[in-house]
>>> print(open('work_8.cif').read())   # mmCIF, C-alpha atoms
data_entry
loop_
_atom_site.label_atom_id
_atom_site.label_comp_id
_atom_site.auth_asym_id
_atom_site.auth_seq_id
_atom_site.Cartn_x
_atom_site.Cartn_y
_atom_site.Cartn_z
CA MET A 1 0.00 0.00 0.00
CA ASP A 2 1.47 3.29 -1.10
CA ARG A 3 0.39 5.79 1.46
CA ILE A 4 -0.10 9.43 0.65
CA VAL A 5 1.06 11.71 3.44
CA ASP A 6 -0.64 15.06 3.51
CA ILE A 7 0.65 17.91 5.63
CA SER A 8 -1.95 20.63 5.98
CA THR A 9 -1.60 21.79 9.59
CA ASP A 10 0.50 24.89 10.10
CA GLY A 11 3.76 24.90 11.99
CA LEU A 12 4.68 21.22 11.89
CA TYR A 13 8.19 19.86 11.85
CA LEU A 14 9.13 16.93 9.61
CA SER A 15 12.16 14.82 10.30
CA VAL A 16 13.49 11.32 9.82
CA TYR A 17 14.13 8.79 12.55
CA ARG A 18 15.64 5.50 11.34
CA GLY A 19 13.18 4.10 8.79
CA PHE A 20 10.41 6.56 9.58
CA LEU A 21 9.18 9.97 8.64
CA VAL A 22 8.35 11.67 11.92
CA ILE A 23 5.79 14.44 12.08
CA SER A 24 5.95 16.59 15.19
CA SER A 25 4.39 19.75 16.51
CA GLU A 26 5.33 21.88 19.49
CA ASP A 27 3.50 19.42 21.72
CA GLY A 28 5.65 16.52 20.60
CA GLU A 29 5.43 13.73 18.07
CA LEU A 30 2.15 13.41 16.18
CA GLY A 31 2.94 10.33 14.19
CA ARG A 32 5.45 8.36 12.22
CA ILE A 33 5.18 6.57 8.92
CA ALA A 34 7.55 4.01 7.47
CA LEU A 35 9.51 5.65 4.64
CA ASP A 36 9.14 2.55 2.49
CA ASP A 37 5.36 2.80 2.60
CA ILE A 38 5.11 6.38 1.41
CA GLY A 39 3.86 6.87 -2.11
CA GLY A 40 3.88 10.64 -2.06
CA LEU A 41 4.25 13.51 0.36
CA ILE A 42 1.98 16.47 -0.24
CA VAL A 43 2.57 19.66 1.69
CA HIS A 44 0.29 22.65 1.62
CA ALA A 45 0.58 24.06 5.11
CA HIS A 46 2.38 27.26 5.96
CA GLY A 47 5.31 27.39 8.29
CA VAL A 48 6.25 23.73 7.92
CA THR A 49 9.91 23.12 8.73
CA TRP A 50 12.02 20.29 7.42
CA SER A 51 15.12 18.40 8.10
CA ASN A 52 17.16 17.97 4.95
CA GLN A 53 17.19 14.24 5.65
CA VAL A 54 13.50 14.08 4.79
CA PHE A 55 14.24 15.04 1.20
CA VAL A 56 17.31 12.85 0.96
CA ARG A 57 15.69 9.72 2.31
CA LEU A 58 12.51 10.15 0.31
CA ALA A 59 14.52 10.80 -2.85
CA GLU A 60 16.34 7.50 -2.28
CA ARG A 61 12.95 5.84 -2.50
CA ASN A 62 11.73 7.82 -5.51
CA VAL A 63 9.02 9.43 -3.43
CA PRO A 64 8.02 12.81 -4.85
CA VAL A 65 7.53 15.64 -2.40
CA VAL A 66 4.84 17.90 -3.76
CA LEU A 67 4.69 21.47 -2.51
CA CYS A 68 1.33 23.10 -2.97
CA ALA A 69 -0.14 26.57 -2.91
CA PRO A 70 -3.14 27.15 -0.65
CA ASN A 71 -5.46 26.32 -3.57
CA HIS A 72 -4.08 22.74 -3.56
CA ALA A 73 -2.43 23.23 -6.93
CA PRO A 74 1.17 21.98 -6.87
CA VAL A 75 3.87 24.59 -7.39
CA SER A 76 6.92 22.38 -7.06
CA VAL A 77 7.92 18.76 -6.92
CA VAL A 78 11.19 17.68 -5.35
CA TRP A 79 12.50 15.13 -7.74
CA PRO A 80 15.24 12.56 -7.23
CA LEU A 81 18.16 12.80 -9.65
CA GLU A 82 18.61 9.10 -9.92
CA GLY A 83 15.65 6.79 -9.97
CA HIS A 84 16.68 3.63 -11.71
CA HIS A 85 19.79 1.50 -12.01
CA ILE A 86 19.92 1.75 -15.79
CA GLN A 87 18.72 5.32 -15.79
CA GLY A 88 21.41 6.40 -18.26
CA ALA A 89 20.27 3.97 -20.92
CA ARG A 90 16.63 4.82 -20.37
CA LEU A 91 17.27 8.54 -20.53
CA ARG A 92 19.11 8.10 -23.81
CA ALA A 93 16.23 6.07 -25.21
CA GLN A 94 13.83 8.76 -24.08
CA LEU A 95 15.89 11.54 -25.62
CA ALA A 96 16.36 9.60 -28.82
CA ALA A 97 12.65 8.93 -29.22
CA SER A 98 11.59 10.25 -32.57
CA LYS A 99 9.01 12.98 -32.95
CA ILE A 100 6.79 10.47 -34.78
CA LEU A 101 6.91 8.03 -31.89
CA GLN A 102 6.14 10.75 -29.36
CA LYS A 103 3.15 11.85 -31.41
CA ARG A 104 1.90 8.27 -31.60
CA ILE A 105 2.15 7.90 -27.83
CA TRP A 106 0.35 11.19 -27.35
CA GLN A 107 -2.38 10.03 -29.70
CA LYS A 108 -2.93 6.90 -27.62
CA VAL A 109 -2.96 8.86 -24.39
CA ILE A 110 -5.58 11.27 -25.72
CA VAL A 111 -7.75 8.52 -27.18
CA ALA A 112 -7.72 6.75 -23.82
CA LYS A 113 -8.57 9.95 -22.00
CA ILE A 114 -11.43 10.92 -24.29
CA ARG A 115 -12.90 7.43 -24.06
CA LEU A 116 -12.78 7.53 -20.31
CA GLN A 117 -14.36 10.98 -20.35
CA GLY A 118 -17.17 9.54 -22.46
CA LYS A 119 -17.51 6.68 -20.03
CA VAL A 120 -17.72 9.03 -17.06
CA LEU A 121 -20.39 11.12 -18.80
CA HIS A 122 -22.32 7.98 -19.66
CA ALA A 123 -22.08 6.69 -16.09
CA ASN A 124 -23.63 9.93 -14.89
CA GLY A 125 -26.52 9.82 -17.31
CA LYS A 126 -25.05 12.40 -19.68
CA GLU A 127 -24.55 12.21 -23.41
CA GLY A 128 -21.19 10.48 -23.77
CA GLY A 129 -21.69 8.70 -27.08
CA GLY A 130 -20.15 11.48 -29.13
CA PHE A 131 -16.89 10.95 -27.32
CA TRP A 132 -16.31 7.65 -29.06
CA THR A 133 -16.57 9.43 -32.38
CA LEU A 134 -14.26 12.14 -31.10
CA ALA A 135 -11.75 9.56 -29.91
CA ARG A 136 -11.69 8.04 -33.38
CA LYS A 137 -10.85 11.41 -34.88
CA VAL A 138 -7.64 11.82 -32.90
CA ARG A 139 -4.72 11.62 -35.30
CA SER A 140 -1.08 11.12 -34.48
CA GLY A 141 0.03 13.97 -32.21
CA ASP A 142 -3.54 15.26 -32.08
CA PRO A 143 -2.93 18.10 -34.58
CA ASP A 144 -6.63 19.01 -34.64
CA ASN A 145 -6.61 19.40 -30.87
CA ILE A 146 -9.54 17.06 -30.40
CA GLU A 147 -8.51 16.96 -26.74
CA ALA A 148 -9.61 20.57 -26.29
CA GLN A 149 -12.81 20.02 -28.26
CA ALA A 150 -13.67 17.11 -26.01
CA ALA A 151 -12.77 19.08 -22.88
CA ARG A 152 -15.09 21.94 -23.82
CA ARG A 153 -18.06 19.63 -24.12
CA TYR A 154 -17.00 17.49 -21.19
CA TRP A 155 -16.81 20.14 -18.47
CA LYS A 156 -20.08 21.78 -19.43
CA GLN A 157 -21.91 18.48 -19.39
CA LEU A 158 -20.31 17.22 -16.22
CA PHE A 159 -20.57 20.24 -13.94
CA GLY A 160 -23.16 22.39 -15.72
CA PRO A 161 -22.97 25.13 -18.36
CA ASP A 162 -21.58 27.73 -15.97
CA PHE A 163 -18.64 25.66 -14.85
CA ALA A 164 -15.17 26.75 -15.80
CA ARG A 165 -12.04 24.92 -14.86
CA ASP A 166 -10.02 27.34 -12.80
CA GLN A 167 -6.80 26.59 -10.96
CA ASP A 168 -7.40 29.30 -8.39
CA ALA A 169 -11.08 28.93 -7.61
CA GLY A 170 -12.41 27.13 -4.59
CA GLY A 171 -15.17 24.54 -4.34
CA VAL A 172 -15.28 22.00 -7.13
CA ASN A 173 -12.08 23.36 -8.63
CA ALA A 174 -10.19 22.97 -5.35
CA LEU A 175 -11.41 19.39 -5.07
CA LEU A 176 -10.23 18.72 -8.60
CA ASN A 177 -6.88 20.37 -7.86
CA TYR A 178 -6.39 18.16 -4.85
CA GLY A 179 -7.33 15.01 -6.72
CA TYR A 180 -5.01 15.84 -9.60
CA THR A 181 -2.23 16.56 -7.13
CA VAL A 182 -2.55 13.07 -5.69
CA LEU A 183 -2.66 11.63 -9.19
CA ARG A 184 0.37 13.68 -10.22
CA ALA A 185 2.30 12.36 -7.23
CA ILE A 186 1.47 8.77 -8.16
CA VAL A 187 2.43 9.23 -11.80
CA SER A 188 5.55 11.24 -10.93
CA ARG A 189 6.80 8.48 -8.72
CA ALA A 190 6.28 5.86 -11.39
CA VAL A 191 8.00 8.01 -14.04
CA CYS A 192 10.96 8.55 -11.79
CA ALA A 193 11.20 4.97 -10.62
CA ALA A 194 11.31 3.86 -14.25
CA GLY A 195 14.36 6.03 -14.88
CA LEU A 196 12.68 8.47 -17.22
CA HIS A 197 13.22 12.18 -17.10
CA PRO A 198 10.11 14.07 -16.05
CA THR A 199 10.87 17.26 -17.92
CA MET A 200 11.10 15.62 -21.33
CA GLY A 201 7.42 15.28 -22.04
CA ILE A 202 5.84 13.87 -25.15
CA PHE A 203 3.37 16.68 -25.58
CA HIS A 204 3.52 19.10 -22.68
CA SER A 205 7.16 19.81 -23.51
CA ASN A 206 6.10 22.83 -25.49
CA ARG A 207 4.55 24.31 -22.40
CA ALA A 208 6.56 25.80 -19.58
CA ASN A 209 6.29 22.82 -17.34
CA THR A 210 8.94 20.98 -15.42
CA PHE A 211 6.92 17.85 -14.92
CA ALA A 212 5.81 17.46 -18.45
CA LEU A 213 6.01 13.69 -18.76
CA ALA A 214 4.04 13.07 -15.58
CA ASP A 215 1.45 15.56 -16.75
CA ASP A 216 1.27 13.89 -20.15
CA LEU A 217 0.70 10.44 -18.75
CA MET A 218 -1.68 11.42 -15.99
CA GLU A 219 -4.13 12.68 -18.61
CA ILE A 220 -5.36 9.13 -19.02
CA TYR A 221 -6.56 8.89 -15.45
CA ARG A 222 -7.87 12.41 -14.93
CA PRO A 223 -11.51 11.53 -15.61
CA LEU A 224 -11.37 9.15 -12.64
CA VAL A 225 -10.65 12.10 -10.38
CA ASP A 226 -13.53 13.98 -12.02
CA GLN A 227 -15.85 11.09 -11.25
CA LEU A 228 -14.63 10.94 -7.69
CA VAL A 229 -15.32 14.65 -7.26
CA LEU A 230 -18.81 14.14 -8.70
CA ASN A 231 -19.41 11.38 -6.16
CA LEU A 232 -18.26 13.68 -3.39
CA LEU A 233 -20.57 16.45 -4.59
CA ALA A 234 -23.45 13.97 -4.69
CA GLY A 235 -22.61 13.17 -1.07
CA GLY A 236 -22.82 16.84 -0.13
CA VAL A 237 -19.07 17.46 0.10
CA ASP A 238 -18.05 20.53 -1.85
CA GLU A 239 -14.93 21.66 -0.06
CA VAL A 240 -11.51 20.15 0.54
CA THR A 241 -12.31 18.74 3.97
CA PRO A 242 -10.31 15.96 5.61
CA GLU A 243 -13.13 13.62 4.60
CA ALA A 244 -12.81 14.74 1.00
CA LYS A 245 -9.06 14.23 1.10
CA HIS A 246 -9.48 10.67 2.34
CA ALA A 247 -11.82 9.96 -0.51
CA LEU A 248 -9.60 11.64 -3.09
CA THR A 249 -6.47 9.76 -2.06
CA SER A 250 -8.34 6.49 -2.33
CA ILE A 251 -7.89 6.94 -6.08
CA ALA A 252 -4.52 5.20 -5.67
CA THR A 253 -6.22 1.93 -4.75
CA PHE A 254 -9.01 2.07 -7.30
CA ASP A 255 -8.96 -1.26 -9.10
CA LEU A 256 -8.69 -1.25 -12.86
CA GLU A 257 -8.69 -4.15 -15.26
CA SER A 258 -5.87 -4.63 -17.73
CA GLY A 259 -4.08 -7.45 -19.53
CA PRO A 260 -2.50 -9.16 -16.50
CA GLY A 261 -5.66 -8.75 -14.44
CA LEU A 262 -7.11 -6.50 -11.83
CA SER A 263 -4.76 -4.17 -10.02
CA PRO A 264 -4.91 -0.86 -8.19
CA LEU A 265 -4.34 2.40 -10.03
CA SER A 266 -0.86 2.93 -8.59
CA VAL A 267 0.24 -0.42 -10.06
CA GLN A 268 -1.52 0.32 -13.34
CA VAL A 269 0.39 3.59 -13.58
CA SER A 270 3.71 1.79 -13.13
CA ARG A 271 2.73 -0.62 -15.89
CA LEU A 272 1.81 2.23 -18.17
CA VAL A 273 5.12 3.97 -17.53
CA HIS A 274 6.99 0.74 -18.22
CA SER A 275 5.16 0.36 -21.49
CA VAL A 276 6.27 3.90 -22.34
CA VAL A 277 9.87 2.91 -21.60
CA THR A 278 9.48 -0.12 -23.86
CA SER A 279 8.00 2.10 -26.55
CA PHE A 280 11.01 4.40 -26.37
CA GLU A 281 13.33 1.43 -26.59
CA THR A 282 11.60 -0.40 -29.43
CA GLY A 283 10.36 2.64 -31.32
CA LYS A 284 6.82 1.22 -31.37
CA ALA A 285 4.06 2.99 -29.50
CA THR A 286 2.46 0.22 -27.48
CA LEU A 287 0.90 1.44 -24.28
CA GLU A 288 -0.54 -0.74 -21.59
CA LEU A 289 -3.83 0.95 -20.90
CA PRO A 290 -6.47 -0.11 -18.40
CA ALA A 291 -9.89 -1.26 -19.56
CA LEU A 292 -12.70 1.22 -19.05
CA PRO A 293 -14.41 0.71 -15.70
CA SER A 294 -18.15 0.03 -15.58
CA PRO A 295 -20.63 2.71 -14.47
CA LEU A 296 -21.18 0.78 -11.25
CA GLU A 297 -17.50 0.80 -10.41
CA LEU A 298 -17.23 4.47 -11.28
CA SER A 299 -20.07 5.36 -8.97
CA SER A 300 -18.36 3.48 -6.13
CA LEU A 301 -15.19 5.54 -6.47
CA GLY A 302 -14.19 7.18 -3.22
CA ARG A 303 -16.96 5.60 -1.21
CA LEU A 304 -15.13 4.63 1.93
CA VAL A 305 -16.29 3.36 5.26
CA GLU A 306 -17.37 6.19 7.49
CA GLU A 307 -17.00 5.38 11.19
CA ASP A 308 -13.55 3.89 10.88
CA ASP A 309 -12.23 6.38 8.48
CA ALA A 310 -12.84 9.57 10.35
CA PRO A 311 -9.44 11.13 10.97
CA MET B 1 -20.42 -13.51 -5.16
CA THR B 2 -20.35 -11.66 -8.44
CA ALA B 3 -17.17 -10.48 -10.04
CA PHE B 4 -17.98 -6.97 -8.99
CA GLU B 5 -18.42 -7.84 -5.34
CA ASN B 6 -15.03 -9.41 -5.48
CA LYS B 7 -13.40 -6.16 -6.30
CA ALA B 8 -11.73 -4.06 -3.74
CA ASN B 9 -13.43 -0.87 -4.89
CA ASN B 10 -16.52 -2.10 -3.24
CA GLY B 11 -17.08 0.34 -0.41
CA ALA B 12 -16.05 -1.05 2.92
CA THR B 13 -13.67 -3.69 1.61
CA HIS B 14 -11.65 -1.06 -0.16
CA LEU B 15 -8.30 -1.93 1.38
CA SER B 16 -8.73 -5.45 2.65
CA GLY B 17 -8.98 -6.50 -0.97
CA TYR B 18 -5.25 -6.13 -1.08
CA GLN B 19 -4.72 -8.84 1.47
CA ILE B 20 -2.90 -6.65 3.85
CA MET B 21 -1.00 -8.85 6.22
CA TRP B 22 0.79 -8.10 9.40
CA MET B 23 4.04 -9.50 10.55
CA LEU B 24 5.20 -9.61 14.11
CA VAL B 25 8.84 -10.18 14.91
CA THR B 26 9.45 -11.25 18.47
CA PHE B 27 12.88 -11.97 19.76
CA ASP B 28 14.82 -13.05 22.73
CA LEU B 29 18.38 -11.86 22.43
CA PRO B 30 21.01 -12.32 25.11
CA VAL B 31 22.35 -9.08 26.58
CA GLU B 32 24.94 -10.33 29.01
CA THR B 33 28.14 -9.13 27.42
CA LYS B 34 28.80 -5.81 25.78
CA LYS B 35 29.16 -7.52 22.43
CA GLN B 36 25.78 -9.22 22.79
CA ARG B 37 24.10 -5.98 23.77
CA LYS B 38 25.58 -4.29 20.75
CA ALA B 39 24.35 -7.06 18.48
CA ALA B 40 20.87 -6.85 19.99
CA THR B 41 20.71 -3.07 19.56
CA LYS B 42 21.91 -3.38 15.98
CA PHE B 43 19.16 -5.85 15.20
CA ARG B 44 16.51 -3.68 16.82
CA GLU B 45 17.67 -0.68 14.87
CA PHE B 46 17.68 -2.70 11.69
CA LEU B 47 14.00 -3.52 12.27
CA LEU B 48 13.25 0.17 12.74
CA ASP B 49 15.15 1.01 9.57
CA ILE B 50 12.96 -1.24 7.47
CA GLY B 51 9.81 0.21 8.98
CA PHE B 52 8.94 -2.05 11.87
CA GLU B 53 7.37 -0.32 14.82
CA MET B 54 7.92 -1.39 18.36
CA SER B 55 4.65 -2.61 19.82
CA GLN B 56 6.30 -3.76 23.05
CA LEU B 57 9.83 -4.46 24.09
CA SER B 58 11.17 -7.19 21.79
CA ASN B 59 7.96 -7.12 19.74
CA TYR B 60 8.08 -5.37 16.42
CA LEU B 61 5.16 -5.03 14.09
CA ARG B 62 4.76 -4.11 10.48
CA TYR B 63 2.07 -4.43 7.87
CA CYS B 64 2.84 -5.64 4.41
CA ASN B 65 0.66 -5.72 1.35
CA GLY B 66 0.91 -9.37 0.53
CA LYS B 67 2.72 -12.64 0.69
CA GLU B 68 5.55 -11.46 -1.54
CA GLN B 69 6.36 -8.54 0.64
CA PHE B 70 6.23 -10.76 3.70
CA GLU B 71 8.78 -13.09 2.14
CA SER B 72 10.93 -10.15 1.19
CA TYR B 73 11.04 -8.89 4.77
CA VAL B 74 11.82 -12.37 6.04
CA ARG B 75 14.78 -12.52 3.68
CA GLN B 76 15.97 -9.10 4.77
CA ILE B 77 15.75 -10.13 8.41
CA GLU B 78 17.61 -13.33 7.66
CA GLN B 79 20.45 -11.27 6.25
CA ALA B 80 20.64 -9.22 9.41
CA LEU B 81 20.36 -11.89 12.09
CA PRO B 82 22.37 -11.27 15.25
CA GLU B 83 24.90 -13.88 16.21
CA TRP B 84 22.93 -15.20 19.19
CA GLY B 85 19.35 -15.47 20.29
CA ASP B 86 15.93 -16.62 19.11
CA ILE B 87 13.72 -14.82 16.66
CA TYR B 88 10.15 -15.69 15.75
CA ILE B 89 8.28 -14.18 12.84
CA PHE B 90 4.50 -14.40 12.94
CA GLN B 91 2.15 -13.44 10.20
CA PHE B 92 -1.53 -12.75 10.42
CA THR B 93 -4.17 -11.27 8.23
CA ASP B 94 -5.63 -7.82 8.48
CA ARG B 95 -8.82 -9.35 9.83
CA GLN B 96 -7.03 -11.07 12.65
CA TYR B 97 -5.07 -7.94 13.39
CA GLU B 98 -8.29 -6.02 13.81
CA ASN B 99 -9.38 -8.43 16.48
CA ILE B 100 -6.38 -8.03 18.70
CA VAL B 101 -7.48 -7.77 22.31
CA ARG B 102 -5.35 -5.42 24.29
CA PHE B 103 -5.33 -4.75 28.03
CA SER B 104 -3.42 -1.95 29.59
CA ASP B 105 -3.42 -1.12 33.31
CA GLN B 106 -6.36 -3.47 33.85
CA ALA B 107 -8.44 -1.67 31.26
CA ARG B 108 -9.39 -2.97 27.90
CA LYS B 109 -8.06 -0.72 25.20
CA LYS B 110 -9.87 0.11 22.03
CA ARG B 111 -8.94 -2.15 19.20
CA ARG B 112 -6.12 -1.07 16.98
CA LYS B 113 -6.86 0.86 13.86
CA ASN B 114 -5.59 -0.14 10.50
CA PRO B 115 -3.34 2.33 8.74
CA LYS B 116 -5.14 4.43 6.22
CA GLN B 117 -4.29 5.22 2.68
CA LEU B 118 -4.03 8.85 3.58
CA ALA B 119 -2.03 10.01 6.54
CA LEU B 120 -3.31 13.46 7.31
CA PHE B 121 -1.42 15.83 9.58
#
>>> encode(input="work_8.cif", output="structure tokens")
Amino acid sequence: MDRIVDISTDGLYLSVYRGFLVISSEDGELGRIALDDIGGLIVHAHGVTWSNQVFVRLAERNVPVVLCAPNHAPVSVVWPLEGHHIQGARLRAQLAASKILQKRIWQKVIVAKIRLQGKVLHANGKEGGGFWTLARKVRSGDPDNIEAQAARRYWKQLFGPDFARDQDAGGVNALLNYGYTVLRAIVSRAVCAAGLHPTMGIFHSNRANTFALADDLMEIYRPLVDQLVLNLLAGGVDEVTPEAKHALTSIATFDLESGPGLSPLSVQVSRLVHSVVTSFETGKATLELPALPSPLELSSLGRLVEEDDAP
Amino acid sequence: MTAFENKANNGATHLSGYQIMWMLVTFDLPVETKKQRKAATKFREFLLDIGFEMSQLSNYLRYCNGKEQFESYVRQIEQALPEWGDIYIFQFTDRQYENIVRFSDQARKKRRKNPKQLALF
């Protein structure tokens, strides 16, 4: 189980004791978590102080430390320099990947995303059929920007005609930000552990973005976060409460079906990243994508037990 | 049970679907000579380094997400055995862990809680 550690209380001190990350406040130790179990560390509190060891020891384990602004949008990720024992070879393969190959990979990513968007709309009783047609229209490298066309229709249908995706807004947008942050941490870790360089994206590289590859690959899973947020809204949660955070981090254990069977999202992401590595090495864009979940599974996303799960 | 019910996404069984297991390392290490004490401390610290938590003196507990991880920890421990002393490694399922009965100062303590996916501070 990859645990997501979220620091949102002000004035905490983070340090390392033997194999543990120790979280303390002025009143003493609040808790400790085995370093090996951490899948991502997300910090959005003010006045948090660190021991340098925290970064060093987490980097050794390829755990990304995500620093967030108060709106839950990440502003920085502390990234290990060395993630894999044959990192050099992998980096070279990544750098040598042809433009054609990168465009092919991007095409597959976008097709998968648009299909999942359609599935999410369908699961929520909205018109999602058109998304299959849209997905078919995506050409190599998505030169027609079908992704944006799909997004325009998708957001309006999902959250109403007045909804606009906004990084700085609260409410639904903050929930989405938080969910994407968790997702970004999961994907970042997998990218890094596979020895790929996060900055060399396949599509996002033309944007000013340091974590381009993670952002590219997380596109596939974004609609799952959207569905989770919808489920939260249906349950009357419309702010980033501790309860909402628990639900949003459960995305890491959401089971998806793929070739080798059923496995949680965090494992699926590692598989996907490995298939990207293989694609770079062989020059053939073959991605290991999860099957689309059923409406029933989608509607169960983030539904956790209540009494036990209260923080 | 339908295929869907089998899946871990299904509400309450969200995490137990991953067959979380617990392992308990209990040991009895001699501490008569300085050398023995040093070996015992080294072993204890090794357990802490790989994420075992002390539940009592000479009892260290850790959860692992399956049989493979359990085996992996056993191998790691085997590599780090102190020269003397007895070490037992127990394993039990998440379900059994939940049912641990614990008394402290003649009072029955609340049952232990399983670790959560999100650690919120």
>>> resolve_selection(input="work_8.cif", expression="the PyMOL selection byres ((chain A and resi 106-120) around 9)", output="short mmCIF file (atom, residue, chain, number, x, y, z; two decimals) with C-alpha atoms, in the frame of the given file")
data_model
loop_
_atom_site.label_atom_id
_atom_site.label_comp_id
_atom_site.auth_asym_id
_atom_site.auth_seq_id
_atom_site.Cartn_x
_atom_site.Cartn_y
_atom_site.Cartn_z
CA LEU A 101 6.91 8.03 -31.89
CA GLN A 102 6.14 10.75 -29.36
CA LYS A 103 3.15 11.85 -31.41
CA ARG A 104 1.90 8.27 -31.60
CA ILE A 105 2.15 7.90 -27.83
CA LEU A 121 -20.39 11.12 -18.80
CA HIS A 122 -22.32 7.98 -19.66
CA ALA A 123 -22.08 6.69 -16.09
CA ASN A 124 -23.63 9.93 -14.89
CA GLY A 125 -26.52 9.82 -17.31
CA LYS A 126 -25.05 12.40 -19.68
CA GLU A 127 -24.55 12.21 -23.41
CA GLY A 128 -21.19 10.48 -23.77
CA GLY A 129 -21.69 8.70 -27.08
CA GLY A 130 -20.15 11.48 -29.13
CA PHE A 131 -16.89 10.95 -27.32
CA TRP A 132 -16.31 7.65 -29.06
CA LEU A 134 -14.26 12.14 -31.10
CA ALA A 135 -11.75 9.56 -29.91
CA ARG A 136 -11.69 8.04 -33.38
CA LYS A 137 -10.85 11.41 -34.88
CA VAL A 138 -7.64 11.82 -32.90
CA ARG A 139 -4.72 11.62 -35.30
CA SER A 140 -1.08 11.12 -34.48
CA GLY A 141 0.03 13.97 -32.21
CA ASP A 142 -3.54 15.26 -32.08
CA ILE A 146 -9.54 17.06 -30.40
CA GLU A 147 -8.51 16.96 -26.74
CA ALA A 150 -13.67 17.11 -26.01
CA ALA A 151 -12.77 19.08 -22.88
CA TYR A 154 -17.00 17.49 -21.19
CA LEU A 158 -20.31 17.22 -16.22
CA ILE A 202 5.84 13.87 -25.15
CA PHE A 203 3.37 16.68 -25.58
CA ASP A 216 1.27 13.89 -20.15
CA LEU A 217 0.70 10.44 -18.75
CA MET A 218 -1.68 11.42 -15.99
CA GLU A 219 -4.13 12.68 -18.61
CA ILE A 220 -5.36 9.13 -19.02
CA TYR A 221 -6.56 8.89 -15.45
CA ARG A 222 -7.87 12.41 -14.93
CA PRO A 223 -11.51 11.53 -15.61
CA LEU A 224 -11.37 9.15 -12.64
CA ASP A 226 -13.53 13.98 -12.02
CA GLN A 227 -15.85 11.09 -11.25
CA ALA A 285 4.06 2.99 -29.50
CA THR A 286 2.46 0.22 -27.48
CA LEU A 287 0.90 1.44 -24.28
CA LEU A 289 -3.83 0.95 -20.90
CA PRO A 290 -6.47 -0.11 -18.40
CA LEU A 292 -12.70 1.22 -19.05
CA PRO A 293 -14.41 0.71 -15.70
CA SER A 294 -18.15 0.03 -15.58
CA PRO A 295 -20.63 2.71 -14.47
CA LEU A 298 -17.23 4.47 -11.28
#
>>> atom_distance(input="work_8.cif", atom1="atom CA of Leu81 of chain B", atom2="atom CA of Val54 of chain A")
27.8 Å
>>> closest_residue(input="work_8.cif", among="A:Ala212, A:Leu35, A:Cys192, A:Ala73", to="Ala174 of chain A", atoms="only C-alpha atoms")
A:Ala73
>>> resolve_selection(input="work_8.cif", expression="the PyMOL selection byres ((chain A) within 6 of (chain B))", output="ChimeraX atom specification")
/A:1,3-7,9,18-19,34,246,254,303-305
>>> atom_distance(input="work_8.cif", atom1="atom CA of Arg153 of chain A", atom2="atom CA of Thr133 of chain A")
13.2 Å
>>> atom_distance(input="work_8.cif", atom1="atom CA of Gly40 of chain A", atom2="atom CA of Val63 of chain A")
5.5 Å
>>> closest_residue(input="work_8.cif", among="A:His72, A:His85, A:Arg92, A:His197", to="Asp168 of chain A", atoms="all atoms listed in the file")
A:His72
>>> resolve_selection(input="work_8.cif", expression="the PyMOL selection byres ((chain A and resi 302) around 8)", output="PyMOL selection string")
(chain A and resi 228+231-232+247-248+250-251+300-301+303-304) or (chain B and resi 11)
>>> closest_residue(input="work_8.cif", among="A:Gly201, A:Gly236, A:Pro70, A:Gly195", to="His274 of chain A", atoms="only C-alpha atoms")
A:Gly195
